[in-house]
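Shown next: my_file_19.cif, given as mmCIF, C-alpha atoms.
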```cif
data_start
loop_
_atom_site.label_atom_id
_atom_site.label_comp_id
_atom_site.auth_asym_id
_atom_site.auth_seq_id
_atom_site.Cartn_x
_atom_site.Cartn_y
_atom_site.Cartn_z
CA MET A 1 49.70 110.20 -3.81
CA ALA A 2 51.55 113.53 -3.95
CA GLU A 3 50.03 114.37 -7.35
CA GLU A 4 46.59 113.50 -6.02
CA LEU A 5 47.04 115.84 -3.04
CA LYS A 6 48.24 118.60 -5.33
CA SER A 7 45.12 118.43 -7.44
CA ARG A 8 42.85 118.54 -4.41
CA HIS A 9 44.52 121.16 -2.26
CA GLY A 10 46.70 123.10 -4.72
CA GLU A 11 49.89 122.12 -2.88
CA THR A 12 53.21 121.09 -4.36
CA PRO A 13 54.43 117.48 -4.52
CA ALA A 14 57.23 118.41 -2.09
CA HIS A 15 54.77 119.62 0.54
CA ALA A 16 52.54 116.59 0.01
CA GLY A 17 55.58 114.37 0.41
CA LEU A 18 56.46 115.97 3.76
CA LYS A 19 52.90 115.40 4.97
CA ARG A 20 53.06 111.77 3.91
CA SER A 21 56.38 111.32 5.75
CA ALA A 22 54.91 112.93 8.87
CA LEU A 23 51.91 110.60 8.69
CA ILE A 24 54.18 107.54 8.54
CA TRP A 25 56.46 108.86 11.31
CA ALA A 26 53.51 109.49 13.63
CA GLN A 27 51.93 106.09 13.09
CA ALA A 28 55.27 104.37 13.64
CA ARG A 29 55.33 105.97 17.09
CA GLY A 30 51.89 104.90 18.17
CA TYR A 31 49.73 107.73 16.85
CA SER A 32 47.05 105.47 15.43
CA ALA A 33 44.56 108.25 14.65
CA CYS A 34 45.88 110.75 12.09
CA ALA A 35 44.47 113.04 9.44
CA PHE A 36 45.48 115.78 7.01
CA GLU A 37 44.17 119.35 7.11
CA VAL A 38 42.54 119.22 10.53
CA GLN A 39 40.67 122.29 11.78
CA LEU A 40 42.10 122.93 15.23
CA PRO A 41 39.95 123.68 18.27
CA ARG A 42 40.10 127.09 19.97
CA CYS A 43 41.63 128.82 16.93
CA ARG A 44 41.17 129.47 13.23
CA TYR A 45 44.15 127.45 12.03
CA ARG A 46 44.37 124.11 10.27
CA ALA A 47 47.14 121.61 10.94
CA ASP A 48 48.89 119.92 8.04
CA VAL A 49 48.78 116.72 10.08
CA ALA A 50 47.13 116.11 13.45
CA ALA A 51 47.61 112.90 15.39
CA TYR A 52 46.37 111.13 18.52
CA ARG A 53 48.16 108.37 20.46
CA PRO A 54 45.95 106.24 22.75
CA ASN A 55 47.03 105.59 26.33
CA GLY A 56 45.01 102.65 27.58
CA LYS A 57 42.12 103.82 29.75
CA GLU A 58 43.60 107.31 30.05
CA ILE A 59 43.15 110.15 27.59
CA GLY A 60 45.92 109.92 25.03
CA THR A 61 48.52 112.34 23.62
CA THR A 62 47.87 114.79 20.81
CA ALA A 63 50.42 116.10 18.33
CA ILE A 64 50.48 118.60 15.48
CA PHE A 65 52.80 118.51 12.48
CA GLU A 66 53.43 121.57 10.31
CA CYS A 67 55.28 120.96 7.04
CA LYS A 68 57.45 123.64 5.43
CA GLN A 69 59.22 123.24 2.09
CA ALA A 70 60.71 126.74 1.65
CA PHE A 71 62.18 129.51 3.80
CA PRO A 72 59.49 132.12 2.95
CA ASP A 73 56.78 129.65 3.97
CA LEU A 74 58.58 128.89 7.22
CA ARG A 75 59.30 132.48 8.15
CA ARG A 76 55.79 133.65 7.34
CA ASP A 77 54.36 131.68 10.27
CA ASN A 78 57.30 132.14 12.65
CA GLY A 79 56.76 135.71 13.81
CA CYS A 80 57.07 136.79 17.43
CA SER A 81 54.02 138.80 18.49
CA ALA A 82 55.77 140.55 21.41
CA VAL A 83 58.60 141.90 19.23
CA THR A 84 56.23 142.78 16.40
CA ALA A 85 53.77 144.55 18.72
CA LYS A 86 56.58 146.61 20.26
CA ARG A 87 57.83 147.70 16.85
CA LEU A 88 54.25 148.38 15.73
CA GLU A 89 53.73 150.75 18.65
CA LYS A 90 56.87 152.71 17.76
CA VAL A 91 55.90 153.01 14.10
CA PHE A 92 52.36 154.08 15.05
CA GLN A 93 53.75 156.83 17.31
CA ARG A 94 56.00 157.92 14.45
CA ARG A 95 52.94 158.15 12.20
CA GLN A 96 51.12 160.33 14.74
CA VAL A 97 54.09 162.72 15.01
CA LEU A 98 54.35 162.98 11.22
CA GLU A 99 50.64 163.66 10.81
CA LYS A 100 50.75 166.34 13.50
CA ASN A 101 53.60 168.11 11.76
CA LEU A 102 52.00 167.74 8.33
CA ARG A 103 48.77 169.33 9.59
CA ILE A 104 50.78 172.36 10.74
CA HIS A 105 52.91 172.76 7.61
CA TYR A 106 50.23 171.85 5.07
CA PRO A 107 46.91 173.27 6.34
CA ALA A 108 45.45 173.02 2.82
CA LEU A 109 45.33 169.24 3.21
CA ARG A 110 42.38 169.52 5.59
CA ILE A 111 39.10 168.06 4.32
CA PRO A 112 36.05 169.72 5.97
CA ASP A 113 34.05 166.53 6.41
CA SER A 114 33.09 166.90 10.10
CA LEU A 115 30.97 169.21 12.22
CA PHE A 116 34.05 170.05 14.29
CA SER A 117 37.32 171.10 12.68
CA ASP A 118 39.39 169.09 15.13
CA PHE A 119 37.92 165.91 13.66
CA ASP A 120 38.35 166.83 9.98
CA SER A 121 40.24 164.39 7.77
CA HIS A 122 43.45 165.27 5.95
CA ASN A 123 44.59 164.16 2.51
CA PHE A 124 48.23 163.44 3.32
CA ALA A 125 48.65 161.43 0.11
CA ALA A 126 48.28 164.62 -1.94
CA ILE A 127 51.83 165.81 -1.14
CA ASP A 128 53.52 162.47 -1.82
CA HIS A 129 55.62 162.66 1.35
CA ARG A 130 58.16 159.82 1.09
CA GLY A 131 58.77 159.50 4.82
CA TYR A 132 55.07 159.32 5.58
CA ALA A 133 54.47 156.78 2.80
CA ARG A 134 57.32 154.63 4.15
CA VAL A 135 55.82 154.71 7.65
CA LEU A 136 52.42 153.67 6.29
CA ARG A 137 53.97 150.73 4.40
CA GLU A 138 55.82 149.53 7.48
CA LEU A 139 52.74 149.97 9.64
CA SER A 140 50.66 147.87 7.26
CA ALA A 141 53.35 145.17 7.05
CA LEU A 142 53.67 144.98 10.84
CA GLN A 143 49.90 144.73 11.31
CA ASN A 144 49.70 141.91 8.79
CA ARG A 145 52.61 140.15 10.46
CA LEU A 146 51.09 140.49 13.92
CA PHE A 147 47.72 139.06 12.95
CA ASP A 148 48.65 136.63 10.16
CA CYS A 149 52.27 135.54 10.66
CA THR A 150 52.42 134.19 14.22
CA LYS A 151 50.85 130.78 13.68
CA PHE A 152 53.54 128.74 15.47
CA GLU A 153 53.46 130.92 18.56
CA ARG A 154 49.66 130.98 18.72
CA LEU A 155 49.24 127.22 18.41
CA ILE A 156 51.29 126.80 21.59
CA ARG A 157 49.58 129.71 23.34
CA TYR A 158 46.15 128.23 22.60
CA ARG A 159 47.27 124.79 23.86
CA CYS A 160 46.07 123.09 20.67
CA ALA A 161 48.07 119.90 21.38
CA ASN A 162 50.59 118.30 23.73
CA LEU A 163 53.40 118.20 21.18
CA PHE A 164 54.29 120.27 18.12
CA PHE A 165 56.61 119.21 15.29
CA LEU A 166 57.98 121.24 12.41
CA VAL A 167 58.66 119.02 9.39
CA VAL A 168 61.23 120.45 6.96
CA ALA A 169 63.36 119.35 4.05
CA ASN A 170 67.00 118.57 4.80
CA GLY A 171 68.40 121.81 3.37
CA LEU A 172 65.86 123.95 5.22
CA PHE A 173 66.85 123.15 8.79
CA ARG A 174 68.30 126.09 10.73
CA GLU A 175 68.31 125.55 14.49
CA PRO A 176 67.76 129.25 15.39
CA GLU A 177 64.71 129.43 13.11
CA ILE A 178 62.86 126.52 14.70
CA PRO A 179 60.08 128.09 16.82
CA PHE A 180 60.44 127.82 20.58
CA GLY A 181 58.75 124.76 22.05
CA TRP A 182 58.54 122.94 18.72
CA GLY A 183 60.36 119.78 17.76
CA ALA A 184 62.11 119.50 14.39
CA LEU A 185 61.80 116.57 11.98
CA ILE A 186 64.19 116.66 9.02
CA GLU A 187 63.58 114.68 5.85
CA SER A 188 66.61 112.59 5.00
CA GLY A 189 66.64 109.76 2.49
CA GLY A 190 62.87 109.62 2.31
CA GLU A 191 62.48 109.35 6.08
CA LEU A 192 62.16 111.81 8.96
CA VAL A 193 64.89 112.23 11.57
CA LEU A 194 64.19 113.92 14.90
CA ALA A 195 66.66 116.83 15.07
CA ARG A 196 65.15 118.53 18.10
CA LYS A 197 62.75 117.24 20.72
CA PRO A 198 59.57 119.22 21.37
CA LEU A 199 58.56 120.56 24.75
CA TRP A 200 55.57 118.98 26.46
CA HIS A 201 52.49 121.18 26.82
CA ASP A 202 49.72 120.34 29.26
CA VAL A 203 46.33 120.21 27.57
CA THR A 204 43.01 119.45 29.23
CA SER A 205 41.37 116.09 28.58
CA ALA A 206 38.41 117.86 27.00
CA ASP A 207 40.61 119.68 24.49
CA ARG A 208 42.50 116.49 23.62
CA LEU A 209 39.23 114.68 22.97
CA LYS A 210 38.02 117.63 20.91
CA LEU A 211 41.09 117.37 18.69
CA LEU A 212 40.49 113.62 18.35
CA GLU A 213 36.95 114.41 17.15
CA ARG A 214 38.36 116.86 14.60
CA ILE A 215 40.81 114.19 13.39
CA ALA A 216 37.93 111.73 12.95
CA ALA A 217 35.88 114.33 11.09
CA ALA A 218 38.79 115.14 8.74
CA GLY A 219 39.30 111.43 8.11
CA THR A 220 35.62 111.03 7.26
CA ARG A 221 35.80 113.91 4.79
CA ALA A 222 38.79 112.26 3.12
CA LEU A 223 36.88 108.98 2.79
CA ASN A 224 33.89 110.82 1.33
CA ARG A 225 36.13 112.40 -1.30
CA GLN A 226 37.73 109.05 -2.07
CA PHE A 227 34.37 107.33 -2.60
CA GLU A 228 32.72 110.41 -4.11
CA ILE A 229 30.11 110.71 -1.37
CA ASN A 230 28.53 114.13 -1.01
CA PHE A 231 26.12 115.63 1.48
CA ASP A 232 23.12 114.96 -0.76
CA ASP A 233 23.87 111.22 -0.64
CA VAL A 234 23.93 111.29 3.15
CA LEU A 235 20.80 113.43 3.33
CA THR A 236 18.87 111.07 1.06
CA VAL A 237 19.64 108.07 3.26
CA ARG A 238 18.82 110.08 6.38
CA ARG A 239 15.42 110.98 4.98
CA ARG A 240 14.66 107.38 4.10
CA SER A 241 15.54 106.22 7.61
CA CYS A 242 13.05 108.71 9.04
CA VAL A 243 10.13 107.38 6.96
#
```
Step by step, read the file and then write its structure as structure tokens.
Amino acid sequence: MAEELKSRHGETPAHAGLKRSALIWAQARGYSACAFEVQLPRCRYRADVAAYRPNGKEIGTTAIFECKQAFPDLRRDNGCSAVTAKRLEKVFQRRQVLEKNLRIHYPALRIPDSLFSDFDSHNFAAIDHRGYARVLRELSALQNRLFDCTKFERLIRYRCANLFFLVVANGLFREPEIPFGWGALIESGGELVLARKPLWHDVTSADRLKLLERIAAAGTRALNRQFEINFDDVLTVRRRSCV
């Protein structure tokens, strides 16, 4: 199964194995509706595994499982937007101060590309200023981190599910690096062990049902791939039924 997932999604056997373990763990605890690669409501992210546990006549519980097989993969999504934004503001102010001083000391860098001189551009790259180049690199890295490396924090902020679990290999578990509010499942001997319980997050009934619909849709796509059914096949039958 792991090799099959690798060929379809370009993931490693280790990552596919973690997803499989999460799927088994969830079903063993009553999450009867599960699917891989589920597009989450209210955000642009996909969940490695999303699950829904029925609750009789009431709306059930939703859970999201994110699987990480290596430290770089884990740390890429575990940024704190508040800390990053604060650092970004400081670096941006540093850039403004440097550019102001460079305009004074290197007036020849001005590019007359505006009707008003105050709005002219400046070619700061022409002097190869190491300090300025370093500030630009850090500024770019912080912007990328703020917008692309805060997945764990945003999933909770957007209330995508009631419970969130981080699924990691045994040697990858570091308590301080588990994102706040998330539970931790550690792979041990081919099974998952709950190392930290997740916090409960209130989610509206409408959003829980929406996630259930996304789980069903992802499951249908998986079945279509398995039986080699494409949209043209569905469209042909739909047209026939309308005749």
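CA of Ser205 in chain A lies 17.3 Å from CA of Cys43 in chain A.
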note - CA of Leu166 in chain A and CA of Glu66 in chain A are separated by 5.0 Å
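The closest residue to Ala184 in chain A, picked from A:Val237, A:Ile24, A:Cys67, A:Ala216 and counting all atoms listed in the file, is A:Cys67.
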Ala16 in chain A proximity check over A:Tyr31, A:Phe36, A:Tyr45, A:Tyr106, using all atoms listed in the file: winner is A:Phe36
Could you tell me which residues the PyMOL selection byres ((chain A and resi 44) around 12) grabs in this file, written as a PDB file with C-alpha atoms, in the frame of the given file?
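Listing of selection_8.pdb after writing:
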```pdb
ATOM      1  CA  VAL A  38      42.540 119.220  10.530  1.00  0.00           C
ATOM      2  CA  GLN A  39      40.670 122.290  11.780  1.00  0.00           C
ATOM      3  CA  LEU A  40      42.100 122.930  15.230  1.00  0.00           C
ATOM      4  CA  PRO A  41      39.950 123.680  18.270  1.00  0.00           C
ATOM      5  CA  ARG A  42      40.100 127.090  19.970  1.00  0.00           C
ATOM      6  CA  CYS A  43      41.630 128.820  16.930  1.00  0.00           C
ATOM      7  CA  TYR A  45      44.150 127.450  12.030  1.00  0.00           C
ATOM      8  CA  ARG A  46      44.370 124.110  10.270  1.00  0.00           C
ATOM      9  CA  ALA A  47      47.140 121.610  10.940  1.00  0.00           C
ATOM     10  CA  PHE A 147      47.720 139.060  12.950  1.00  0.00           C
ATOM     11  CA  ASP A 148      48.650 136.630  10.160  1.00  0.00           C
ATOM     12  CA  LYS A 151      50.850 130.780  13.680  1.00  0.00           C
ATOM     13  CA  ARG A 154      49.660 130.980  18.720  1.00  0.00           C
ATOM     14  CA  LEU A 155      49.240 127.220  18.410  1.00  0.00           C
ATOM     15  CA  TYR A 158      46.150 128.230  22.600  1.00  0.00           C
ATOM     16  CA  CYS A 160      46.070 123.090  20.670  1.00  0.00           C
TER      17      CYS A 160
END
```
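Counting only C-alpha atoms and comparing A:Val135, A:Phe65, A:Ala50, A:Trp200, the residue that lies closest to Glu99 in chain A is A:Val135.
Across the model, the gap from CA of Glu213 in chain A to CA of Leu163 in chain A is 17.4 Å.
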In terms of all atoms listed in the file, the residue from A:Pro13, A:Asn55, A:Leu199, A:Ser241 at minimal distance from Ser32 in chain A is A:Asn55
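Ranking A:Glu89, A:Asp202, A:Asp48, A:Glu228 by their shortest atom-to-atom distance to Gly60 in chain A, with all atoms listed in the file included, puts A:Asp202 first.
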Residues picked by the PyMOL selection byres ((chain A and resi 62) around 9) here, as a PyMOL selection string?
chain A and resi 31+50-54+60-61+63-64+160-164+203+208-209+211-212
**Prompt:** Selected by the PyMOL selection byres ((chain A and resi 98) around 12) in the shown coordinates: which residues, as number ranges by chain?
**Reply:** A: 91-97, 99-106, 124, 129-136
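Nearest to Arg87 in chain A of all the residues A:Ile111, A:Ala169, A:Leu139, A:Ile59 is A:Leu139, counting only C-alpha atoms.
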